[in-house]
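Okay, final_4.txt is below, compact mmCIF, N, CA and C atoms:
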# COMPACT_ATOMS: atom_id res chain seq x y z
N MET K 1 126.31 139.85 -153.62
CA MET K 1 125.20 139.58 -154.51
C MET K 1 123.98 140.38 -154.03
N ARG K 2 123.37 141.07 -154.98
CA ARG K 2 122.17 141.84 -154.64
C ARG K 2 120.95 141.15 -155.23
N PHE K 3 119.88 141.15 -154.45
CA PHE K 3 118.62 140.55 -154.87
C PHE K 3 117.49 141.53 -154.57
N MET K 4 116.51 141.53 -155.47
CA MET K 4 115.32 142.33 -155.25
C MET K 4 114.17 141.39 -154.96
N ILE K 5 113.53 141.61 -153.83
CA ILE K 5 112.32 140.88 -153.46
C ILE K 5 111.18 141.77 -153.94
N ILE K 6 110.45 141.28 -154.93
CA ILE K 6 109.43 142.08 -155.60
C ILE K 6 108.04 141.66 -155.13
N VAL K 7 107.29 142.59 -154.59
CA VAL K 7 105.92 142.33 -154.18
C VAL K 7 105.03 142.58 -155.39
N LYS K 8 104.38 141.53 -155.87
CA LYS K 8 103.47 141.68 -156.99
C LYS K 8 102.18 142.35 -156.51
N SER K 9 101.60 143.15 -157.37
CA SER K 9 100.39 143.86 -157.01
C SER K 9 99.19 142.92 -157.03
N CYS K 10 98.06 143.43 -156.58
CA CYS K 10 96.80 142.69 -156.59
C CYS K 10 95.68 143.72 -156.71
N PRO K 11 94.47 143.29 -157.02
CA PRO K 11 93.37 144.26 -157.18
C PRO K 11 93.19 145.18 -155.96
N GLU K 12 93.41 144.65 -154.76
CA GLU K 12 93.28 145.45 -153.55
C GLU K 12 94.27 146.61 -153.54
N PHE K 13 95.50 146.37 -154.00
CA PHE K 13 96.52 147.42 -154.03
C PHE K 13 96.24 148.45 -155.12
N GLU K 14 95.52 148.05 -156.16
CA GLU K 14 95.23 148.93 -157.29
C GLU K 14 93.85 149.59 -157.19
N ALA K 15 93.10 149.33 -156.11
CA ALA K 15 91.74 149.85 -155.95
C ALA K 15 91.73 151.38 -156.00
N GLU K 16 90.62 151.93 -156.53
CA GLU K 16 90.48 153.38 -156.62
C GLU K 16 90.60 154.03 -155.25
N VAL K 17 89.94 153.45 -154.27
CA VAL K 17 90.06 153.92 -152.89
C VAL K 17 90.80 152.81 -152.14
N GLN K 18 92.05 153.05 -151.90
CA GLN K 18 92.88 152.03 -151.27
C GLN K 18 92.69 152.09 -149.76
N PRO K 19 92.36 150.95 -149.15
CA PRO K 19 92.20 150.93 -147.70
C PRO K 19 93.55 151.11 -147.00
N ASP K 20 93.50 151.55 -145.76
CA ASP K 20 94.73 151.63 -144.97
C ASP K 20 95.32 150.22 -144.85
N PRO K 21 96.64 150.12 -144.83
CA PRO K 21 97.26 148.81 -144.70
C PRO K 21 96.82 148.13 -143.40
N ASP K 22 96.70 146.83 -143.45
CA ASP K 22 96.38 146.03 -142.28
C ASP K 22 97.48 146.27 -141.24
N PRO K 23 97.12 146.67 -140.02
CA PRO K 23 98.14 146.94 -138.99
C PRO K 23 99.04 145.72 -138.72
N ALA K 24 98.50 144.53 -138.82
CA ALA K 24 99.31 143.33 -138.61
C ALA K 24 100.35 143.17 -139.71
N VAL K 25 99.97 143.51 -140.95
CA VAL K 25 100.91 143.44 -142.06
C VAL K 25 102.01 144.48 -141.87
N MET K 26 101.62 145.69 -141.51
CA MET K 26 102.61 146.75 -141.29
C MET K 26 103.59 146.37 -140.18
N ALA K 27 103.08 145.79 -139.10
CA ALA K 27 103.94 145.37 -137.99
C ALA K 27 104.89 144.27 -138.43
N ALA K 28 104.38 143.29 -139.18
CA ALA K 28 105.23 142.19 -139.66
C ALA K 28 106.30 142.71 -140.62
N MET K 29 105.92 143.63 -141.51
CA MET K 29 106.89 144.20 -142.45
C MET K 29 107.96 145.01 -141.71
N ALA K 30 107.55 145.78 -140.70
CA ALA K 30 108.50 146.57 -139.93
C ALA K 30 109.50 145.66 -139.22
N THR K 31 109.00 144.59 -138.60
CA THR K 31 109.86 143.64 -137.91
C THR K 31 110.82 142.97 -138.88
N TYR K 32 110.31 142.52 -140.02
CA TYR K 32 111.14 141.84 -141.03
C TYR K 32 112.25 142.77 -141.52
N HIS K 33 111.90 144.00 -141.88
CA HIS K 33 112.89 144.94 -142.39
C HIS K 33 113.89 145.34 -141.30
N GLU K 34 113.44 145.39 -140.07
CA GLU K 34 114.35 145.67 -138.96
C GLU K 34 115.37 144.52 -138.83
N GLU K 35 114.92 143.28 -139.00
CA GLU K 35 115.82 142.13 -138.94
C GLU K 35 116.84 142.18 -140.08
N LEU K 36 116.38 142.55 -141.27
CA LEU K 36 117.30 142.71 -142.40
C LEU K 36 118.35 143.76 -142.10
N ALA K 37 117.90 144.89 -141.55
CA ALA K 37 118.82 145.99 -141.23
C ALA K 37 119.83 145.56 -140.17
N LYS K 38 119.38 144.89 -139.13
CA LYS K 38 120.27 144.43 -138.06
C LYS K 38 121.30 143.43 -138.59
N ALA K 39 120.90 142.62 -139.59
CA ALA K 39 121.81 141.65 -140.19
C ALA K 39 122.77 142.32 -141.19
N GLY K 40 122.51 143.60 -141.50
CA GLY K 40 123.38 144.33 -142.42
C GLY K 40 123.17 143.99 -143.88
N VAL K 41 122.01 143.45 -144.24
CA VAL K 41 121.76 143.06 -145.63
C VAL K 41 120.75 143.96 -146.34
N LEU K 42 120.06 144.83 -145.61
CA LEU K 42 119.03 145.70 -146.21
C LEU K 42 119.68 146.87 -146.93
N LEU K 43 119.38 147.03 -148.22
CA LEU K 43 119.83 148.18 -148.99
C LEU K 43 118.72 149.21 -149.16
N ASP K 44 117.48 148.74 -149.38
CA ASP K 44 116.36 149.64 -149.61
C ASP K 44 115.07 148.82 -149.61
N GLY K 45 113.98 149.48 -149.41
CA GLY K 45 112.69 148.81 -149.51
C GLY K 45 111.57 149.82 -149.35
N THR K 46 110.56 149.69 -150.18
CA THR K 46 109.40 150.59 -150.08
C THR K 46 108.24 150.05 -150.91
N GLY K 47 107.08 150.59 -150.64
CA GLY K 47 105.91 150.28 -151.45
C GLY K 47 105.77 151.30 -152.57
N LEU K 48 105.08 150.89 -153.62
CA LEU K 48 104.83 151.79 -154.75
C LEU K 48 103.36 152.19 -154.76
N LYS K 49 103.11 153.40 -155.18
CA LYS K 49 101.72 153.86 -155.30
C LYS K 49 101.05 153.09 -156.44
N PRO K 50 99.71 153.05 -156.46
CA PRO K 50 99.00 152.31 -157.51
C PRO K 50 99.37 152.79 -158.91
N SER K 51 99.19 151.92 -159.89
CA SER K 51 99.59 152.22 -161.26
C SER K 51 98.85 153.42 -161.85
N ARG K 52 97.71 153.78 -161.29
CA ARG K 52 96.97 154.94 -161.83
C ARG K 52 97.77 156.23 -161.67
N THR K 53 98.77 156.24 -160.79
CA THR K 53 99.58 157.44 -160.60
C THR K 53 100.84 157.43 -161.45
N GLY K 54 101.04 156.35 -162.21
CA GLY K 54 102.24 156.22 -163.02
C GLY K 54 101.98 156.26 -164.51
N TRP K 55 102.99 155.95 -165.26
CA TRP K 55 102.89 155.90 -166.72
C TRP K 55 103.93 154.93 -167.24
N ARG K 56 103.78 154.58 -168.49
CA ARG K 56 104.73 153.73 -169.19
C ARG K 56 105.22 154.46 -170.43
N ILE K 57 106.44 154.17 -170.82
CA ILE K 57 106.98 154.70 -172.07
C ILE K 57 107.04 153.51 -173.04
N HIS K 58 106.31 153.61 -174.13
CA HIS K 58 106.31 152.56 -175.16
C HIS K 58 107.27 152.99 -176.28
N TYR K 59 108.23 152.12 -176.57
CA TYR K 59 109.22 152.38 -177.62
C TYR K 59 108.80 151.64 -178.88
N GLY K 60 109.04 152.24 -180.01
CA GLY K 60 108.70 151.59 -181.26
C GLY K 60 109.25 152.37 -182.45
N GLN K 61 108.59 152.16 -183.60
CA GLN K 61 108.98 152.83 -184.84
C GLN K 61 107.76 153.53 -185.41
N GLU K 62 107.95 154.76 -185.86
CA GLU K 62 106.91 155.50 -186.58
C GLU K 62 107.58 156.22 -187.73
N GLY K 63 107.15 155.91 -188.95
CA GLY K 63 107.72 156.56 -190.13
C GLY K 63 109.21 156.33 -190.27
N GLY K 64 109.68 155.15 -189.87
CA GLY K 64 111.09 154.83 -190.00
C GLY K 64 111.98 155.42 -188.91
N LYS K 65 111.39 156.09 -187.94
CA LYS K 65 112.16 156.68 -186.84
C LYS K 65 111.73 156.04 -185.52
N GLU K 66 112.70 155.99 -184.60
CA GLU K 66 112.35 155.50 -183.27
C GLU K 66 111.35 156.45 -182.64
N SER K 67 110.34 155.88 -181.98
CA SER K 67 109.34 156.72 -181.33
C SER K 67 109.18 156.30 -179.87
N ARG K 68 108.67 157.22 -179.09
CA ARG K 68 108.36 156.98 -177.69
C ARG K 68 106.98 157.55 -177.43
N ARG K 69 106.15 156.72 -176.84
CA ARG K 69 104.78 157.13 -176.56
C ARG K 69 104.51 156.94 -175.07
N VAL K 70 103.96 157.97 -174.42
CA VAL K 70 103.63 157.91 -173.00
C VAL K 70 102.20 157.41 -172.86
N VAL K 71 102.04 156.39 -172.01
CA VAL K 71 100.71 155.84 -171.72
C VAL K 71 100.50 155.96 -170.21
N ASP K 72 99.49 156.74 -169.82
CA ASP K 72 99.19 156.92 -168.41
C ASP K 72 98.51 155.70 -167.83
N GLY K 73 98.76 155.44 -166.52
CA GLY K 73 98.06 154.38 -165.80
C GLY K 73 96.63 154.82 -165.55
N PRO K 74 95.80 153.95 -165.05
CA PRO K 74 96.11 152.64 -164.50
C PRO K 74 96.29 151.58 -165.59
N PHE K 75 96.93 150.50 -165.19
CA PHE K 75 97.17 149.38 -166.09
C PHE K 75 96.31 148.20 -165.67
N ALA K 76 95.79 147.48 -166.64
CA ALA K 76 94.74 146.49 -166.42
C ALA K 76 95.15 145.29 -165.57
N GLU K 77 96.25 144.66 -165.85
CA GLU K 77 96.60 143.41 -165.21
C GLU K 77 97.36 143.62 -163.90
N ALA K 78 96.63 143.70 -162.80
CA ALA K 78 97.26 143.95 -161.50
C ALA K 78 98.32 142.90 -161.18
N LYS K 79 98.08 141.65 -161.56
CA LYS K 79 99.04 140.59 -161.21
C LYS K 79 100.38 140.75 -161.93
N GLU K 80 100.43 141.57 -162.96
CA GLU K 80 101.68 141.81 -163.68
C GLU K 80 102.41 143.05 -163.17
N LEU K 81 101.80 143.76 -162.23
CA LEU K 81 102.37 144.99 -161.72
C LEU K 81 103.18 144.75 -160.45
N ILE K 82 104.00 145.70 -160.11
CA ILE K 82 104.81 145.64 -158.89
C ILE K 82 104.22 146.61 -157.88
N ALA K 83 104.02 146.14 -156.65
CA ALA K 83 103.46 146.98 -155.59
C ALA K 83 104.54 147.49 -154.64
N GLY K 84 105.71 146.88 -154.66
CA GLY K 84 106.78 147.31 -153.78
C GLY K 84 107.97 146.39 -153.92
N TYR K 85 109.03 146.71 -153.19
CA TYR K 85 110.24 145.89 -153.29
C TYR K 85 111.08 146.05 -152.05
N THR K 86 111.95 145.08 -151.86
CA THR K 86 112.99 145.14 -150.84
C THR K 86 114.28 144.72 -151.53
N LEU K 87 115.31 145.53 -151.38
CA LEU K 87 116.59 145.26 -152.01
C LEU K 87 117.58 144.83 -150.93
N ILE K 88 118.18 143.64 -151.13
CA ILE K 88 119.11 143.12 -150.14
C ILE K 88 120.45 142.79 -150.79
N GLN K 89 121.51 142.77 -149.98
CA GLN K 89 122.82 142.35 -150.45
C GLN K 89 123.29 141.26 -149.51
N VAL K 90 123.50 140.07 -150.08
CA VAL K 90 123.85 138.89 -149.30
C VAL K 90 125.05 138.19 -149.94
N ARG K 91 125.54 137.15 -149.28
CA ARG K 91 126.71 136.43 -149.77
C ARG K 91 126.39 135.36 -150.81
N SER K 92 125.11 134.89 -150.83
CA SER K 92 124.80 133.77 -151.72
C SER K 92 123.32 133.76 -152.09
N ARG K 93 123.03 133.00 -153.12
CA ARG K 93 121.64 132.78 -153.54
C ARG K 93 120.86 132.12 -152.41
N GLU K 94 121.50 131.18 -151.72
CA GLU K 94 120.85 130.46 -150.63
C GLU K 94 120.45 131.40 -149.50
N GLU K 95 121.33 132.36 -149.18
CA GLU K 95 121.01 133.33 -148.14
C GLU K 95 119.82 134.20 -148.56
N ALA K 96 119.80 134.59 -149.84
CA ALA K 96 118.67 135.37 -150.35
C ALA K 96 117.38 134.56 -150.27
N LEU K 97 117.47 133.28 -150.58
CA LEU K 97 116.30 132.40 -150.51
C LEU K 97 115.79 132.31 -149.07
N GLU K 98 116.69 132.17 -148.12
CA GLU K 98 116.28 132.10 -146.72
C GLU K 98 115.57 133.38 -146.28
N TRP K 99 116.14 134.54 -146.64
CA TRP K 99 115.49 135.80 -146.27
C TRP K 99 114.13 135.93 -146.95
N SER K 100 114.05 135.56 -148.22
CA SER K 100 112.77 135.72 -148.94
C SER K 100 111.70 134.78 -148.40
N ARG K 101 112.08 133.62 -147.90
CA ARG K 101 111.10 132.71 -147.29
C ARG K 101 110.46 133.32 -146.05
N ARG K 102 111.17 134.22 -145.41
CA ARG K 102 110.67 134.85 -144.19
C ARG K 102 109.85 136.11 -144.48
N PHE K 103 109.78 136.53 -145.74
CA PHE K 103 109.05 137.75 -146.11
C PHE K 103 107.58 137.60 -145.72
N PRO K 104 107.02 138.55 -144.98
CA PRO K 104 105.62 138.45 -144.56
C PRO K 104 104.67 138.53 -145.76
N ASN K 105 103.50 137.92 -145.63
CA ASN K 105 102.48 138.04 -146.68
C ASN K 105 102.15 139.52 -146.82
N PRO K 106 102.37 140.12 -148.00
CA PRO K 106 102.20 141.56 -148.15
C PRO K 106 100.74 142.03 -148.19
N VAL K 107 99.80 141.11 -148.36
CA VAL K 107 98.39 141.50 -148.41
C VAL K 107 97.80 141.39 -147.01
N ARG K 108 97.79 140.20 -146.47
CA ARG K 108 97.35 139.90 -145.10
C ARG K 108 97.44 138.39 -144.92
N ALA K 109 97.47 137.94 -143.71
CA ALA K 109 97.58 136.51 -143.43
C ALA K 109 96.45 135.75 -144.12
N GLY K 110 96.79 134.69 -144.82
CA GLY K 110 95.80 133.85 -145.48
C GLY K 110 95.40 134.31 -146.86
N ALA K 111 95.75 135.53 -147.26
CA ALA K 111 95.38 136.05 -148.58
C ALA K 111 96.37 135.52 -149.62
N GLU K 112 95.90 135.41 -150.86
CA GLU K 112 96.80 135.03 -151.94
C GLU K 112 97.70 136.21 -152.26
N ALA K 113 98.99 135.92 -152.40
CA ALA K 113 99.96 136.95 -152.72
C ALA K 113 101.14 136.30 -153.42
N ILE K 114 101.87 137.10 -154.18
CA ILE K 114 103.06 136.60 -154.87
C ILE K 114 104.20 137.56 -154.59
N VAL K 115 105.33 136.97 -154.20
CA VAL K 115 106.57 137.72 -154.04
C VAL K 115 107.58 137.05 -154.95
N GLU K 116 108.19 137.82 -155.83
CA GLU K 116 109.18 137.31 -156.79
C GLU K 116 110.56 137.80 -156.37
N VAL K 117 111.57 136.96 -156.54
CA VAL K 117 112.93 137.35 -156.17
C VAL K 117 113.81 137.26 -157.40
N ARG K 118 114.57 138.33 -157.65
CA ARG K 118 115.45 138.38 -158.83
C ARG K 118 116.80 138.92 -158.42
N GLU K 119 117.85 138.31 -158.95
CA GLU K 119 119.20 138.80 -158.71
C GLU K 119 119.46 139.99 -159.63
N LEU K 120 120.15 140.98 -159.10
CA LEU K 120 120.52 142.15 -159.91
C LEU K 120 121.84 141.88 -160.62
N PHE K 121 121.98 142.44 -161.80
CA PHE K 121 123.26 142.39 -162.49
C PHE K 121 124.25 143.24 -161.70
N GLU K 122 125.49 142.79 -161.69
CA GLU K 122 126.59 143.57 -161.16
C GLU K 122 127.41 144.03 -162.36
N LEU K 123 128.11 145.14 -162.24
CA LEU K 123 128.87 145.66 -163.38
C LEU K 123 129.92 144.66 -163.85
N ASP K 124 130.46 143.87 -162.95
CA ASP K 124 131.46 142.86 -163.33
C ASP K 124 130.87 141.71 -164.14
N ASP K 125 129.54 141.63 -164.25
CA ASP K 125 128.90 140.58 -165.06
C ASP K 125 129.03 140.86 -166.55
N PHE K 126 129.38 142.09 -166.93
CA PHE K 126 129.40 142.49 -168.33
C PHE K 126 130.82 142.52 -168.90
N THR K 127 130.89 142.36 -170.22
CA THR K 127 132.17 142.45 -170.93
C THR K 127 132.70 143.87 -170.83
N PRO K 128 134.00 144.03 -170.52
CA PRO K 128 134.56 145.37 -170.42
C PRO K 128 134.33 146.19 -171.70
N SER K 129 134.03 147.47 -171.50
CA SER K 129 133.80 148.39 -172.63
C SER K 129 133.91 149.82 -172.11
N GLU K 130 133.95 150.76 -173.03
CA GLU K 130 134.02 152.17 -172.65
C GLU K 130 132.75 152.58 -171.90
N ALA K 131 131.61 152.10 -172.37
CA ALA K 131 130.34 152.42 -171.71
C ALA K 131 130.33 151.86 -170.28
N LEU K 132 130.83 150.63 -170.13
CA LEU K 132 130.88 150.02 -168.80
C LEU K 132 131.79 150.83 -167.87
N ASP K 133 132.89 151.35 -168.39
CA ASP K 133 133.78 152.18 -167.59
C ASP K 133 133.04 153.43 -167.07
N LYS K 134 132.15 153.98 -167.89
CA LYS K 134 131.35 155.14 -167.46
C LYS K 134 130.44 154.75 -166.29
N PHE K 135 129.80 153.58 -166.40
CA PHE K 135 128.94 153.11 -165.31
C PHE K 135 129.75 152.89 -164.04
N LYS K 136 130.95 152.31 -164.17
CA LYS K 136 131.79 152.07 -163.00
C LYS K 136 132.21 153.39 -162.36
N ALA K 137 132.51 154.40 -163.16
CA ALA K 137 132.88 155.71 -162.63
C ALA K 137 131.70 156.34 -161.87
N MET K 138 130.49 156.22 -162.42
CA MET K 138 129.31 156.75 -161.75
C MET K 138 129.06 156.00 -160.44
N ASP K 139 129.25 154.68 -160.48
CA ASP K 139 129.07 153.86 -159.29
C ASP K 139 130.03 154.29 -158.19
N ALA K 140 131.27 154.54 -158.56
CA ALA K 140 132.29 154.97 -157.58
C ALA K 140 131.93 156.33 -156.99
N MET K 141 131.37 157.24 -157.79
CA MET K 141 130.98 158.56 -157.30
C MET K 141 129.83 158.48 -156.30
N ASN K 142 128.97 157.49 -156.47
CA ASN K 142 127.78 157.38 -155.62
C ASN K 142 128.00 156.58 -154.34
N LYS K 143 129.17 155.98 -154.17
CA LYS K 143 129.45 155.22 -152.96
C LYS K 143 129.94 156.17 -151.88
N PRO K 144 129.45 155.93 -150.64
CA PRO K 144 129.92 156.80 -149.55
C PRO K 144 131.41 156.61 -149.31
N ASN K 145 132.06 157.67 -148.87
CA ASN K 145 133.51 157.62 -148.62
C ASN K 145 133.85 156.79 -147.42
Structure encoded using C-alpha cells:
Amino acid sequence: MRFMIIVKSCPEFEAEVQPDPDPAVMAAMATYHEELAKAGVLLDGTGLKPSRTGWRIHYGQEGGKESRRVVDGPFAEAKELIAGYTLIQVRSREEALEWSRRFPNPVRAGAEAIVEVRELFELDDFTPSEALDKFKAMDAMNKPN
C-alpha cells in the first residue's frame, strides 16, 4: 500500500521572499526521512517551490470544443496548495498512520500546520481493460530489474 503524506502550504511558504528553512525543521525532516529509509518504506519525498513558479491547466468547453487554458501562479488560497510530499509504501493503513503521526511540523515547532495523508490507487484497484494493460506494461518497464 502506498500513501502520500502531503504538506499543505501556508502564507510563509508562498511569500515573495521566502526565508531559509528553520534549521530545526530541516534537521527533524532529515532525521524522519532517514528513519523512513532505514525502515525500507520511503519511496520519495521533496518540497515544492511556491505556486508563483507554477501554473494550472483549466479544462472546459469553448464553442462546443474541449478547451485548455493555462493560468500562471501564484494562486490565492495558500491553505489549498501543496508545499511538499513524502511517498511511502507500507503494509497497512495503520502503519501509514503511525508514520504520519511522527511527521515533524513542516513550518516550525508550535506553528499551525496541516499534513494530509492519502492512499494512492494501485493498478489492481481498477477493472481490467486494454488501457489498464498499457499502464501495467509501463509500470513493468519502469521497475528496476
- Between atom CA of Ile5 of chain K and atom C of Pro74 of chain K, what is the spacing in Å?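 The value is 22.8 Å.
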- Message: I'd like the contact shell of Val71 of chain K - 7 Å cut-off, all atoms listed in the file, skipping same-chain residues fewer than 6 positions apart - returned as a PyMOL selection string.
- Response: chain K and resi 54-58
- Task: Work out how far atom N of Gly40 of chain K is from atom C of Ile114 of chain K, in Å to one decimal.
- Result: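 Separation of atom C of Ile114 of chain K and atom N of Gly40 of chain K: 23.3 Å.
Note that atom C of Glu95 of chain K and atom C of Met138 of chain K are 26.5 Å apart.
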- Residue among K:Cys10, K:Met29, K:Ala109, K:Leu43 lying closest to Thr86 of chain K, counting all atoms listed in the file: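 Answer, going by the shortest atom-to-atom distance: K:Leu43.
Here the residues within segment 6-83 of chain K that DSSP labels strand (DSSP E) on the basis of the backbone are Ile6, Val7, Lys8, Leu42, Leu43, Asp44, Gly45, Thr46, Gly47, Trp55, Arg56, Ile57, His58, Tyr59, Gly60, Gln61, Glu62, Lys65, Glu66, Ser67, Arg68, Arg69, Val70, Val71, Asp72, Ile82 and Ala83 of chain K.
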- Message: Going by DSSP on the backbone, which residues of segment 49-143 of chain K come out as alpha helix (DSSP H)? List them as a PyMOL selection string.
- Response: chain K and resi 93-101+130-142
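Across K:Leu123, K:Val115, K:Ala137, K:Ala27, the tightest approach to Lys8 of chain K is made by K:Val115 when counting only N, CA and C atoms.
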